[in-house]
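Asks: So here's target.pdb (PDB, C-alpha atoms and all ligand atoms).
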MODEL        1
ATOM      1  CA  LYS J 201      24.034   7.576  22.269
ATOM      2  CA  GLU J 202      23.983   3.943  21.121
ATOM      3  CA  LYS J 203      25.401   3.335  17.624
ATOM      4  CA  VAL J 204      22.655   1.964  15.369
ATOM      5  CA  GLU J 205      24.024  -0.659  13.002
ATOM      6  CA  ILE J 206      22.281  -2.820  10.412
ATOM      7  CA  THR J 207      23.745  -6.335  10.542
ATOM      8  CA  LYS J 208      24.823  -8.304   7.463
ATOM      9  CA  GLU J 209      21.731 -10.523   7.771
ATOM     10  CA  GLN J 210      19.453  -7.474   8.027
ATOM     11  CA  GLN J 211      21.184  -5.959   5.000
ATOM     12  CA  ALA J 212      20.527  -9.170   3.033
ATOM     13  CA  LEU J 213      16.894  -9.290   4.211
ATOM     14  CA  MET J 214      16.350  -5.655   3.144
ATOM     15  CA  LYS J 215      17.844  -6.324  -0.296
ATOM     16  CA  ILE J 216      15.630  -9.382  -0.888
ATOM     17  CA  ILE J 217      12.499  -7.476   0.096
ATOM     18  CA  THR J 218      13.340  -4.261  -1.798
ATOM     19  CA  ASP J 219      14.313  -6.133  -4.991
ATOM     20  CA  ALA J 220      11.093  -8.175  -4.794
ATOM     21  CA  TYR J 221       9.056  -5.027  -4.130
ATOM     22  CA  ASN J 222      10.549  -3.282  -7.179
ATOM     23  CA  ARG J 223      10.167  -6.407  -9.349
ATOM     24  CA  HIS J 224       6.511  -6.863  -8.478
ATOM     25  CA  GLN J 225       4.939  -3.638  -9.647
ATOM     26  CA  ILE J 226       1.872  -3.328 -11.843
ATOM     27  CA  PRO J 227       2.769  -3.364 -15.556
ATOM     28  CA  GLN J 228       1.145  -0.257 -16.989
ATOM     29  CA  ASP J 229       1.446   3.024 -15.096
ATOM     30  CA  VAL J 230      -2.014   4.210 -14.024
ATOM     31  CA  ALA J 231      -0.747   7.729 -13.266
ATOM     32  CA  LYS J 232       0.410   8.124 -16.872
ATOM     33  CA  LYS J 233      -2.984   6.947 -18.143
ATOM     34  CA  LEU J 234      -4.827   9.364 -15.879
ATOM     35  CA  LEU J 235      -2.577  12.245 -16.957
ATOM     36  CA  GLN J 236      -3.133  11.437 -20.635
ATOM     37  CA  ASP J 237      -6.922  11.519 -20.761
ATOM     38  CA  GLN J 238     -10.041  12.316 -18.809
ATOM     39  CA  TYR J 239     -12.335   9.315 -18.418
ATOM     40  CA  SER J 240     -15.997   8.870 -17.484
ATOM     41  CA  ALA J 241     -16.909   7.540 -14.022
ATOM     42  CA  GLU J 242     -17.594   4.138 -15.643
ATOM     43  CA  GLU J 243     -14.210   4.073 -17.421
ATOM     44  CA  ASN J 244     -12.452   5.161 -14.205
ATOM     45  CA  PHE J 245     -14.208   2.456 -12.195
ATOM     46  CA  LEU J 246     -13.161  -0.143 -14.760
ATOM     47  CA  LEU J 247      -9.587   1.214 -14.611
ATOM     48  CA  LEU J 248      -9.617   0.931 -10.813
ATOM     49  CA  THR J 249     -10.884  -2.662 -10.872
ATOM     50  CA  GLU J 250      -8.264  -3.608 -13.486
ATOM     51  CA  MET J 251      -5.467  -1.934 -11.485
ATOM     52  CA  ALA J 252      -6.700  -3.422  -8.209
ATOM     53  CA  THR J 253      -6.990  -6.935  -9.687
ATOM     54  CA  SER J 254      -3.436  -6.891 -11.037
ATOM     55  CA  GLN J 255      -2.207  -5.280  -7.809
ATOM     56  CA  VAL J 256      -3.554  -8.207  -5.784
ATOM     57  CA  GLN J 257      -1.801 -10.625  -8.138
ATOM     58  CA  VAL J 258       1.564  -8.857  -7.753
ATOM     59  CA  LEU J 259       1.005  -8.655  -3.985
ATOM     60  CA  VAL J 260       0.719 -12.472  -3.839
ATOM     61  CA  GLU J 261       3.961 -12.805  -5.820
ATOM     62  CA  PHE J 262       5.682 -10.215  -3.594
ATOM     63  CA  THR J 263       4.737 -12.024  -0.353
ATOM     64  CA  LYS J 264       6.373 -15.231  -1.645
ATOM     65  CA  ASN J 265       9.680 -13.347  -1.417
ATOM     66  CA  ILE J 266       9.254 -12.314   2.213
ATOM     67  CA  PRO J 267      11.689 -14.589   4.071
ATOM     68  CA  GLY J 268       9.677 -16.818   6.402
ATOM     69  CA  PHE J 269       6.258 -16.063   4.857
ATOM     70  CA  LEU J 270       5.994 -19.408   3.044
ATOM     71  CA  SER J 271       6.917 -21.207   6.304
ATOM     72  CA  LEU J 272       3.735 -19.829   7.934
ATOM     73  CA  ASP J 273       0.613 -21.997   8.091
ATOM     74  CA  ARG J 274      -0.942 -21.970   4.555
ATOM     75  CA  GLU J 275      -4.327 -20.760   5.788
ATOM     76  CA  ASP J 276      -2.607 -17.992   7.756
ATOM     77  CA  GLN J 277      -0.789 -16.900   4.584
ATOM     78  CA  ILE J 278      -4.198 -16.505   2.879
ATOM     79  CA  ALA J 279      -5.645 -14.681   5.913
ATOM     80  CA  LEU J 280      -2.715 -12.220   5.882
ATOM     81  CA  LEU J 281      -3.127 -11.570   2.145
ATOM     82  CA  LYS J 282      -6.884 -11.083   2.377
ATOM     83  CA  GLY J 283      -6.484  -8.906   5.451
ATOM     84  CA  SER J 284      -3.842  -6.599   3.992
ATOM     85  CA  ALA J 285      -4.765  -6.349   0.290
ATOM     86  CA  VAL J 286      -6.902  -3.186   0.607
ATOM     87  CA  GLU J 287      -4.315  -1.434   2.820
ATOM     88  CA  ALA J 288      -1.546  -2.437   0.400
ATOM     89  CA  MET J 289      -3.626  -0.937  -2.430
ATOM     90  CA  PHE J 290      -4.044   2.411  -0.694
ATOM     91  CA  LEU J 291      -0.375   2.405   0.336
ATOM     92  CA  ARG J 292       0.610   1.755  -3.276
ATOM     93  CA  SER J 293      -1.765   4.488  -4.462
ATOM     94  CA  ALA J 294      -0.185   6.921  -2.001
ATOM     95  CA  GLN J 295       3.305   6.020  -3.205
ATOM     96  CA  VAL J 296       2.257   6.411  -6.862
ATOM     97  CA  PHE J 297       0.645   9.772  -6.035
ATOM     98  CA  SER J 298       3.708  10.990  -4.085
ATOM     99  CA  ARG J 299       6.240  10.122  -6.821
ATOM    100  CA  LYS J 300       8.293  13.055  -8.099
ATOM    101  CA  MET J 301       6.536  14.263 -11.275
ATOM    102  CA  PRO J 302       7.200  17.130 -13.702
ATOM    103  CA  SER J 303       5.770  20.366 -12.300
ATOM    104  CA  GLY J 304       1.993  20.620 -12.570
ATOM    105  CA  HIS J 305       1.499  16.882 -13.134
ATOM    106  CA  THR J 306       0.614  16.089  -9.508
ATOM    107  CA  GLU J 307      -2.064  18.816  -9.570
ATOM    108  CA  VAL J 308      -3.579  17.399 -12.782
ATOM    109  CA  LEU J 309      -3.492  13.870 -11.328
ATOM    110  CA  GLU J 310      -5.187  15.085  -8.143
ATOM    111  CA  GLU J 311      -7.895  16.834 -10.182
ATOM    112  CA  ARG J 312      -8.516  13.707 -12.316
ATOM    113  CA  ILE J 313      -8.859  11.576  -9.162
ATOM    114  CA  ARG J 314     -11.182  14.123  -7.513
ATOM    115  CA  LYS J 315     -13.424  13.968 -10.596
ATOM    116  CA  SER J 316     -13.061  10.217 -11.171
ATOM    117  CA  GLY J 317     -16.370   9.180  -9.625
ATOM    118  CA  ILE J 318     -15.258   8.676  -6.038
ATOM    119  CA  SER J 319     -17.826  10.185  -3.643
ATOM    120  CA  GLU J 320     -16.883  13.614  -2.245
ATOM    121  CA  GLU J 321     -16.867  12.399   1.391
ATOM    122  CA  PHE J 322     -13.923  10.007   0.758
ATOM    123  CA  ILE J 323     -11.756  12.404  -1.268
ATOM    124  CA  THR J 324     -10.501  14.423   1.735
ATOM    125  CA  PRO J 325      -9.421  11.506   3.968
ATOM    126  CA  MET J 326      -7.826   9.818   0.948
ATOM    127  CA  PHE J 327      -5.743  12.837  -0.055
ATOM    128  CA  ASN J 328      -4.902  13.612   3.583
ATOM    129  CA  PHE J 329      -3.388  10.145   3.736
ATOM    130  CA  TYR J 330      -1.584  10.530   0.394
ATOM    131  CA  LYS J 331      -0.067  13.845   1.512
ATOM    132  CA  SER J 332       0.984  12.472   4.892
ATOM    133  CA  ILE J 333       2.769   9.623   3.091
ATOM    134  CA  GLY J 334       4.336  12.073   0.617
ATOM    135  CA  GLU J 335       5.697  14.273   3.430
ATOM    136  CA  LEU J 336       7.727  11.304   4.716
ATOM    137  CA  HIS J 337       9.845  11.171   1.516
ATOM    138  CA  MET J 338      10.417   7.458   2.051
ATOM    139  CA  VAL J 339      13.302   5.751   0.287
ATOM    140  CA  GLN J 340      12.346   2.617  -1.643
ATOM    141  CA  GLU J 341      13.678   0.321   1.116
ATOM    142  CA  GLU J 342      11.354   2.022   3.613
ATOM    143  CA  GLN J 343       8.413   1.690   1.203
ATOM    144  CA  ALA J 344       9.097  -2.021   0.677
ATOM    145  CA  LEU J 345       9.525  -2.666   4.420
ATOM    146  CA  LEU J 346       6.416  -0.648   5.330
ATOM    147  CA  THR J 347       4.331  -2.749   2.911
ATOM    148  CA  THR J 348       5.906  -5.907   4.386
ATOM    149  CA  VAL J 349       5.092  -4.778   7.950
ATOM    150  CA  THR J 350       1.492  -4.110   6.833
ATOM    151  CA  ILE J 351       1.163  -7.604   5.335
ATOM    152  CA  LEU J 352       2.623  -9.192   8.499
ATOM    153  CA  THR J 353      -0.037  -7.749  10.824
ATOM    154  CA  PRO J 354      -0.734 -10.514  13.392
ATOM    155  CA  ASP J 355      -4.286  -9.451  14.340
ATOM    156  CA  ARG J 356      -5.931  -9.915  10.946
ATOM    157  CA  PRO J 357      -9.206 -11.911  11.002
ATOM    158  CA  TYR J 358      -8.821 -15.728  11.034
ATOM    159  CA  VAL J 359      -5.048 -15.779  11.699
ATOM    160  CA  LYS J 360      -4.468 -18.866  13.918
ATOM    161  CA  ASP J 361      -0.756 -18.658  14.829
ATOM    162  CA  GLN J 362      -0.490 -14.935  15.641
ATOM    163  CA  GLN J 363       2.816 -15.442  17.490
ATOM    164  CA  ALA J 364       4.518 -16.751  14.334
ATOM    165  CA  VAL J 365       3.333 -13.676  12.389
ATOM    166  CA  GLU J 366       4.359 -11.378  15.258
ATOM    167  CA  ARG J 367       7.891 -12.817  15.237
ATOM    168  CA  LEU J 368       8.200 -12.184  11.492
ATOM    169  CA  GLN J 369       6.761  -8.689  11.777
ATOM    170  CA  GLU J 370       9.143  -7.820  14.620
ATOM    171  CA  THR J 371      12.100  -8.910  12.488
ATOM    172  CA  MET J 372      10.964  -6.486   9.777
ATOM    173  CA  LEU J 373      10.175  -3.695  12.271
ATOM    174  CA  ASP J 374      13.686  -3.951  13.702
ATOM    175  CA  VAL J 375      15.268  -3.454  10.271
ATOM    176  CA  LEU J 376      12.838  -0.622   9.453
ATOM    177  CA  ARG J 377      13.542   1.130  12.765
ATOM    178  CA  LYS J 378      17.320   1.052  12.167
ATOM    179  CA  LEU J 379      16.893   2.170   8.550
ATOM    180  CA  CYS J 380      14.783   5.143   9.670
ATOM    181  CA  VAL J 381      17.426   6.210  12.220
ATOM    182  CA  LEU J 382      20.169   5.947   9.591
ATOM    183  CA  GLN J 383      18.179   7.584   6.778
ATOM    184  CA  HIS J 384      16.687  10.408   8.906
ATOM    185  CA  PRO J 385      19.274  11.114  11.643
ATOM    186  CA  GLN J 386      17.919  14.623  12.177
ATOM    187  CA  GLU J 387      14.431  13.265  12.891
ATOM    188  CA  PRO J 388      14.452  10.790  15.830
ATOM    189  CA  GLN J 389      10.623  10.562  15.685
ATOM    190  CA  TYR J 390      10.588   9.489  12.033
ATOM    191  CA  PHE J 391      10.033   5.753  12.727
ATOM    192  CA  ALA J 392       7.111   6.561  15.069
ATOM    193  CA  ARG J 393       5.586   8.856  12.412
ATOM    194  CA  LEU J 394       5.943   6.096   9.844
ATOM    195  CA  LEU J 395       4.072   3.599  12.029
ATOM    196  CA  GLY J 396       1.441   6.257  12.743
ATOM    197  CA  ARG J 397       0.634   6.235   9.018
ATOM    198  CA  LEU J 398      -0.367   2.549   9.335
ATOM    199  CA  THR J 399      -3.130   3.596  11.743
ATOM    200  CA  GLU J 400      -4.355   6.217   9.243
ATOM    201  CA  LEU J 401      -4.125   3.555   6.517
ATOM    202  CA  ARG J 402      -6.280   1.118   8.464
ATOM    203  CA  THR J 403      -8.917   3.812   9.091
ATOM    204  CA  LEU J 404      -8.995   4.814   5.402
ATOM    205  CA  SER J 405      -9.269   1.168   4.357
ATOM    206  CA  HIS J 406     -12.357   0.710   6.539
ATOM    207  CA  TYR J 407     -14.247   2.868   4.004
ATOM    208  CA  HIS J 408     -13.289   0.853   0.930
ATOM    209  CA  THR J 409     -16.648  -0.907   0.500
ATOM    210  CA  GLU J 410     -18.629   2.352   0.725
ATOM    211  CA  MET J 411     -16.108   4.028  -1.603
ATOM    212  CA  LEU J 412     -16.751   1.388  -4.243
ATOM    213  CA  VAL J 413     -20.542   1.044  -3.998
ATOM    214  CA  SER J 414     -20.946   4.842  -3.907
ATOM    215  CA  TRP J 415     -18.913   5.381  -7.095
ATOM    216  CA  ARG J 416     -21.064   7.772  -9.154
ATOM    217  CA  MET J 417     -22.479   5.225 -11.617
ATOM    218  CA  ASN J 418     -24.987   2.359 -11.744
ATOM    219  CA  ASP J 419     -24.262  -1.356 -11.855
ATOM    220  CA  HIS J 420     -20.766  -1.709 -10.281
ATOM    221  CA  LYS J 421     -19.062  -4.803 -11.749
ATOM    222  CA  PHE J 422     -16.198  -6.524  -9.890
ATOM    223  CA  THR J 423     -13.801  -9.301 -10.898
ATOM    224  CA  PRO J 424     -14.113 -12.577  -8.913
ATOM    225  CA  LEU J 425     -10.729 -11.894  -7.281
ATOM    226  CA  LEU J 426     -11.895  -8.458  -6.106
ATOM    227  CA  CYS J 427     -15.118  -9.967  -4.725
ATOM    228  CA  GLU J 428     -12.791 -12.112  -2.589
ATOM    229  CA  ILE J 429     -10.726  -9.143  -1.415
ATOM    230  CA  TRP J 430     -13.226  -6.278  -1.285
ATOM    231  CA  ASP J 431     -16.312  -6.769   0.880
ATOM    232  CA  VAL J 432     -18.619  -6.229  -2.067
TER     233      VAL J 432
HETATM  234  C1  LIG D 501      -6.975   1.887  -4.099
HETATM  235  C2  LIG D 501      -8.370   2.393  -4.126
HETATM  236  C3  LIG D 501      -9.361   1.714  -3.430
HETATM  237  C4  LIG D 501     -10.633   2.210  -3.447
HETATM  238 CL1  LIG D 501     -11.836   1.344  -2.579
HETATM  239  C5  LIG D 501     -10.947   3.367  -4.131
HETATM  240  C6  LIG D 501      -9.945   4.056  -4.827
HETATM  241  C7  LIG D 501      -8.671   3.559  -4.817
HETATM  242  O1  LIG D 501      -7.648   4.171  -5.490
HETATM  243  C8  LIG D 501      -7.745   5.565  -5.637
HETATM  244  C9  LIG D 501      -6.484   5.994  -6.316
HETATM  245  N1  LIG D 501      -5.577   6.776  -5.766
HETATM  246  C10 LIG D 501      -4.605   6.967  -6.687
HETATM  247  C11 LIG D 501      -3.430   7.701  -6.630
HETATM  248  C12 LIG D 501      -2.594   7.741  -7.721
HETATM  249  C13 LIG D 501      -2.936   7.027  -8.878
HETATM  250  F1  LIG D 501      -2.116   7.059  -9.932
HETATM  251  C14 LIG D 501      -4.118   6.267  -8.955
HETATM  252  C15 LIG D 501      -4.936   6.237  -7.846
HETATM  253  N2  LIG D 501      -6.122   5.647  -7.564
HETATM  254  C16 LIG D 501      -6.910   4.764  -8.450
HETATM  255  C17 LIG D 501      -6.016   3.607  -8.836
HETATM  256  O2  LIG D 501      -5.811   3.311 -10.003
HETATM  257  N3  LIG D 501      -5.446   2.980  -7.798
HETATM  258  C18 LIG D 501      -4.539   1.868  -8.037
HETATM  259  C19 LIG D 501      -3.107   2.395  -7.878
HETATM  260  C20 LIG D 501      -2.107   1.259  -7.930
HETATM  261  C21 LIG D 501      -2.450   0.162  -6.945
HETATM  262  C22 LIG D 501      -3.861  -0.359  -7.142
HETATM  263  C23 LIG D 501      -4.878   0.744  -7.063
HETATM  264  C24 LIG D 501      -7.482   5.525  -9.649
HETATM  265  C25 LIG D 501      -8.416   4.622 -10.471
HETATM  266  C26 LIG D 501      -9.050   5.388 -11.621
HETATM  267  C27 LIG D 501      -9.784   6.630 -11.133
HETATM  268  C28 LIG D 501      -8.861   7.519 -10.310
HETATM  269  C29 LIG D 501      -8.218   6.766  -9.159
ENDMDL
END
Using structure tokens, write down the structure that the file contains.
Replies:
Amino acid sequence: KEKVEITKEQQALMKIITDAYNRHQIPQDVAKKLLQDQYSAEENFLLLTEMATSQVQVLVEFTKNIPGFLSLDREDQIALLKGSAVEAMFLRSAQVFSRKMPSGHTEVLEERIRKSGISEEFITPMFNFYKSIGELHMVQEEQALLTTVTILTPDRPYVKDQQAVERLQETMLDVLRKLCVLQHPQEPQYFARLLGRLTELRTLSHYHTEMLVSWRMNDHKFTPLLCEIWDV
């Protein structure tokens, strides 16, 4: 049984990424807002676009702290951001939903989201994903590294130097793999399960355009930044 050991460099890399991940979170807490009041479909849609717009902005800031990201070709940096923004949004939503909350709060939050205006057909796959993320009980380092691995996906549209992105992603995957073995020694398959969630995430993210245009209201307004990121 080989001894898994995180090197000093990997430890430093993990700290940089986790600190940056924790630093770059959206200011106001959307879960708290949703627990406080019930909103109309229009108000919820506006809340989503506001949250999503600021989430993209913090995502850009976060990527600047990923060692090696700024050394990638500039156009590839943009392609990686555009290609991962929706997945990062759903991953963040899942992590917000799975946070430990006082008893009964998660149920209220789920109810508010079910009634927010999202079309019925997307509610089940979305919550299936949220629950499968919640079951993993990821530590914050795993959450930060999983988001980083998602951003550093080499086969996004328009990425020119895929090898350079692959090398960076592999560096992050190696740290994440070791962390999973050390954090979940009783579950050797944990790392594989974690990566399996990225497949579910990509599938869920395919629906994002329909989810938005089918929001139960007329006249869906988007910010210019979201028009860039969401295919709307
Ligand atoms: C991310 C996303 C994309 C599409 Cl297309 C459709 C929907 C969606 O999020 C659903 C979703 N799942 C959630 C789980 C927990 C939670 F607290 C809020 C959640 N939301 C929405 C939200 O504010 N998400 C933001 C979370 C922070 C990061 C940026 C995004 C709220 C908007 C108000 C109406 C109820 C849903």
Asks: Hey, what's within 8 Å of J:Val375 if we count all atoms listed in the file and toss same-chain stuff fewer than 2 positions away? As a list in words, please?
Replies: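 Listed by chain and then number, they are Ile206, Gln210, Met214, Thr371, Met372, Leu373, Arg377, Lys378 and Leu379 of chain J.
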Asks: Taking the point (-6.9, 7.0, -11.7) as given in the file, collect each protein or nucleic acid residue that comes within 8 Å of it, counting only C-alpha atoms, and present the set as a ChimeraX atom specification.
Replies: /J:230-231,233-234,244,247-248,309,312-313,316
Asks: Considering only C-alpha atoms and all ligand atoms, can you say which of J:Lys421, J:His224, J:His305, J:Arg314 comes closest to ligand LIG 501 (chain D)?
Replies: J:Arg314
Asks: Give the residues close to ligand LIG 501 (chain D), within 8 Å, counting all atoms listed in the file; write them as a ChimeraX atom specification.
Replies: /J:226,229-232,234,241,243-249,251-256,286,288-298,309-310,312-318,326,330,405,407-412,430
Asks: Go through J:Lys360, J:Leu352, J:Pro302, J:His384 one by one, measure the shortest atom-to-atom distance of each to J:Val339 using all atoms listed in the file, and give the residue with the smallest value.
Replies: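 Among the listed residues, the smallest separation from J:Val339 belongs to J:His384.
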Asks: Record the distance separating atom CA of J:Val381 and atom CA of J:Val204, expressed in Å with one decimal.
Replies: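 Computed distance, atom CA of J:Val381 to atom CA of J:Val204, equals 7.4 Å.
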Asks: For each of J:Gln362, J:Leu281, J:Glu400, J:Leu395, take the minimum atom-to-atom distance to J:Leu345, counting all atoms listed in the file, then give the residue where this is smallest.
Replies: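 Using all atoms listed in the file, the shortest distance to J:Leu345 belongs to J:Leu395.
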Asks: What is the distance, in Å and to one decimal place, between atom CA of J:Thr423 and atom CA of J:Glu250?
Replies: 8.4 Å
